[in-house]
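A quick write-up on the structure given underneath.
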Amino acid sequence: MRIAKTSAPNDSDKPGADFIGNNTYHPGTADVEYDELHVQCPPHTTERELMTRIDWQLIPFLCILYLLAFLDRVNIANARSFHLVEDLNLENNEYNTALTMFFVPYIIAEIPSNILLKKFSPRIWLPTCMLGFGIASVCQGLVQNYSGLLATRFFLGLFESGMFPGMWYKRNESQKRYSLFFSSTSLAGAFGGLLASAIGKMQGIRGYSGWRWIFILEGILTCLVAIFFFFIFPSFPEEAKWLTEEERAYIKARLQADQGHNAAERKITLRDVGAVMKDHRVWLGGFMYFGLIVPAYGYAFFAPTIISTYHYNAIQTQLYSVPPWAVSFAFSLLTAVFSDWSRHRAAFALAPLALSLAAFATLLKIHDNTPVQYAMLCFVTMGTYSVLPITVCWFSMNLGGHHRRAIGTAWQIGFGNIGGIIATFAFINTDAPFFTNGYSICLGFTCLSGLASVLYFISIYLENQKRKKAVRDVGLSEYEKTELGDLNPEFRYMY
């Protein structure tokens, strides 16, 4: 971000149309530094230096958190290759039902978990959840029957709900951070395949099958990291002890200038939930994510199953599952960098979907060309997993105020993950090896996500045009602006 050194600006010098929220900031004397929103930087640092410090204090923790969460969530797909179904005597679609069980508490507990996140702070709540799903993962490796598998999947979903803490960044600089956070899923998929190919060779050690060791060792890793995180995990900007009082005030001021006041100090009520859910854009945000979750989890849960139909053994299947995840990680970060650079979201939420649509259409038609089929799996991950973080970031950053963002994001993730239930039954054994129904379902829901994104873009574009023509200052108090969030007439949506 370019920092300009200038004299203290007068209110009349500030570009009114570009300001969001209450930005009538009155700096002190001349020769101080301001960022592009004319928020005064602390004299001992610059915006860029401070953001770099925050990146190093925040992003690694979030990436590790979500990587281990996703690893523990989908490693059942790797375990299946090492005779989980046979050892537990699972019949018909019982394996698919076990996958579904994860999403029941995961969806229901999403909004309550976000409320508890605000109550206890990320430093306490997120490591607690992490320890919980680590223990649940270990227990998956100890189950003896179908009922035990269902129980452990239930608690895994319960503790993994609410894994989306708020960010500390302005909207135009947030996408690459969100994408790095989300791309941990791709790294988890890649590492999961590599780890499973190695751990699977522990078959018979201490009388345990290879699939049991996958759950046990990866769950123990999660528990150890969670205990460590209790002492060092970051909290909200206004509570960060590694920032000075001046720096905390600056972080809060720049977020207010970009997004409006966030009301982080006020409790979220059921009335808030009802008010947020009256907004049609909140519903569109849910469908944007919902349509992507079906192909995302369809691939995550069944990639080893699909790849095994290309006539690879268990170890080869795990190794061949790695490259699609790796290319998706690189493509997601590249897409995010260009999105932040251009300060644009809509095109980057829509264009990569063309890769997914083309890939699913090809997989529906070609069944006898393994190189082409494998390449299409790479396109599926590139298109789907690059759009997921952009969709969530775009929607979340357009929700002003802490309570609207907490509720809206929880809704988007919670409702969207209903698609995970659909995904668990998209690819069933009787459809192998062509999986026509599964690919058709994924194709249809990808189209749904694209349609919802187009409607969302049209809605916020028209709203911005309407607000530009309206009276700028309608005499709202600070409290009213805080309560309205992005419904504040001074707020401008990003697209």
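The chains in the structure tokens are called A, B, ... from first to last as shown; in each chain the residues are counted from 1, and the ligands are counted from 1 in the order shown.
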
Could you produce a table of the residues of range 351-467 of chain A lying within 10 Å of range 287-303 of chain A, with the nearest pair of atoms per residue and their separation in Å rounded to one decimal, using only C-alpha atoms, ordered by chain and increasing residue number, as JSON lines?
```
{"residue": "A:Leu353", "atom": "CA", "partner": "A:Leu292", "partner_atom": "CA", "distance": 9.4}
{"residue": "A:Ser356", "atom": "CA", "partner": "A:Pro295", "partner_atom": "CA", "distance": 8.9}
{"residue": "A:Phe360", "atom": "CA", "partner": "A:Pro295", "partner_atom": "CA", "distance": 9.5}
{"residue": "A:Leu377", "atom": "CA", "partner": "A:Tyr299", "partner_atom": "CA", "distance": 8.4}
{"residue": "A:Val380", "atom": "CA", "partner": "A:Pro295", "partner_atom": "CA", "distance": 8.1}
{"residue": "A:Thr381", "atom": "CA", "partner": "A:Ala296", "partner_atom": "CA", "distance": 7.6}
{"residue": "A:Gly383", "atom": "CA", "partner": "A:Ala296", "partner_atom": "CA", "distance": 9.8}
{"residue": "A:Thr384", "atom": "CA", "partner": "A:Ala296", "partner_atom": "CA", "distance": 6.3}
{"residue": "A:Tyr385", "atom": "CA", "partner": "A:Ala296", "partner_atom": "CA", "distance": 6.9}
{"residue": "A:Val387", "atom": "CA", "partner": "A:Leu292", "partner_atom": "CA", "distance": 8.1}
{"residue": "A:Leu388", "atom": "CA", "partner": "A:Leu292", "partner_atom": "CA", "distance": 6.8}
{"residue": "A:Pro389", "atom": "CA", "partner": "A:Tyr289", "partner_atom": "CA", "distance": 9.5}
{"residue": "A:Thr391", "atom": "CA", "partner": "A:Tyr289", "partner_atom": "CA", "distance": 6.7}
{"residue": "A:Val392", "atom": "CA", "partner": "A:Tyr289", "partner_atom": "CA", "distance": 7.2}
{"residue": "A:Phe395", "atom": "CA", "partner": "A:Met288", "partner_atom": "CA", "distance": 9.2}
{"residue": "A:Gln412", "atom": "CA", "partner": "A:Tyr289", "partner_atom": "CA", "distance": 6.6}
{"residue": "A:Ile413", "atom": "CA", "partner": "A:Tyr289", "partner_atom": "CA", "distance": 7.2}
{"residue": "A:Gly414", "atom": "CA", "partner": "A:Phe290", "partner_atom": "CA", "distance": 9.1}
{"residue": "A:Phe415", "atom": "CA", "partner": "A:Phe290", "partner_atom": "CA", "distance": 6.7}
{"residue": "A:Gly416", "atom": "CA", "partner": "A:Phe290", "partner_atom": "CA", "distance": 3.6}
{"residue": "A:Asn417", "atom": "CA", "partner": "A:Phe290", "partner_atom": "CA", "distance": 6.3}
{"residue": "A:Ile418", "atom": "CA", "partner": "A:Phe290", "partner_atom": "CA", "distance": 7.0}
{"residue": "A:Gly419", "atom": "CA", "partner": "A:Val294", "partner_atom": "CA", "distance": 4.9}
{"residue": "A:Gly420", "atom": "CA", "partner": "A:Val294", "partner_atom": "CA", "distance": 5.6}
{"residue": "A:Ile421", "atom": "CA", "partner": "A:Val294", "partner_atom": "CA", "distance": 8.1}
{"residue": "A:Ile422", "atom": "CA", "partner": "A:Val294", "partner_atom": "CA", "distance": 6.5}
{"residue": "A:Ala423", "atom": "CA", "partner": "A:Gly298", "partner_atom": "CA", "distance": 4.8}
{"residue": "A:Thr424", "atom": "CA", "partner": "A:Gly298", "partner_atom": "CA", "distance": 6.6}
{"residue": "A:Phe425", "atom": "CA", "partner": "A:Gly298", "partner_atom": "CA", "distance": 8.5}
{"residue": "A:Ala426", "atom": "CA", "partner": "A:Gly298", "partner_atom": "CA", "distance": 6.7}
{"residue": "A:Phe427", "atom": "CA", "partner": "A:Phe302", "partner_atom": "CA", "distance": 7.0}
{"residue": "A:Ile428", "atom": "CA", "partner": "A:Phe302", "partner_atom": "CA", "distance": 9.2}
{"residue": "A:Gly438", "atom": "CA", "partner": "A:Gly298", "partner_atom": "CA", "distance": 7.8}
{"residue": "A:Tyr439", "atom": "CA", "partner": "A:Pro295", "partner_atom": "CA", "distance": 8.4}
{"residue": "A:Ile441", "atom": "CA", "partner": "A:Val294", "partner_atom": "CA", "distance": 8.0}
{"residue": "A:Cys442", "atom": "CA", "partner": "A:Pro295", "partner_atom": "CA", "distance": 4.8}
{"residue": "A:Leu443", "atom": "CA", "partner": "A:Pro295", "partner_atom": "CA", "distance": 7.8}
{"residue": "A:Gly444", "atom": "CA", "partner": "A:Gly291", "partner_atom": "CA", "distance": 8.3}
{"residue": "A:Phe445", "atom": "CA", "partner": "A:Gly291", "partner_atom": "CA", "distance": 4.5}
{"residue": "A:Thr446", "atom": "CA", "partner": "A:Gly291", "partner_atom": "CA", "distance": 5.4}
{"residue": "A:Cys447", "atom": "CA", "partner": "A:Gly291", "partner_atom": "CA", "distance": 7.4}
{"residue": "A:Leu448", "atom": "CA", "partner": "A:Gly291", "partner_atom": "CA", "distance": 5.5}
{"residue": "A:Ser449", "atom": "CA", "partner": "A:Gly291", "partner_atom": "CA", "distance": 4.3}
{"residue": "A:Gly450", "atom": "CA", "partner": "A:Met288", "partner_atom": "CA", "distance": 7.0}
{"residue": "A:Leu451", "atom": "CA", "partner": "A:Met288", "partner_atom": "CA", "distance": 7.9}
{"residue": "A:Ala452", "atom": "CA", "partner": "A:Met288", "partner_atom": "CA", "distance": 5.2}
{"residue": "A:Ser453", "atom": "CA", "partner": "A:Met288", "partner_atom": "CA", "distance": 5.7}
{"residue": "A:Val454", "atom": "CA", "partner": "A:Met288", "partner_atom": "CA", "distance": 9.3}
{"residue": "A:Leu455", "atom": "CA", "partner": "A:Met288", "partner_atom": "CA", "distance": 9.6}
{"residue": "A:Tyr456", "atom": "CA", "partner": "A:Met288", "partner_atom": "CA", "distance": 8.6}
```

task: Looking only at helix (DSSP H, G or I) from DSSP on the backbone, list the matching residues of range 360-456 of chain A as a count of residues only.
output: 80

- request: Excluding range 229-238 of chain A and residues on its chain fewer than 6 positions from it, collect all residues at most 10 Å away from it, counting only C-alpha atoms, and give them as number ranges by chain.
  value: A: 54, 57-59, 61-62, 65, 118, 120-128, 130-131, 165-168, 223, 245, 247-252, 264-265
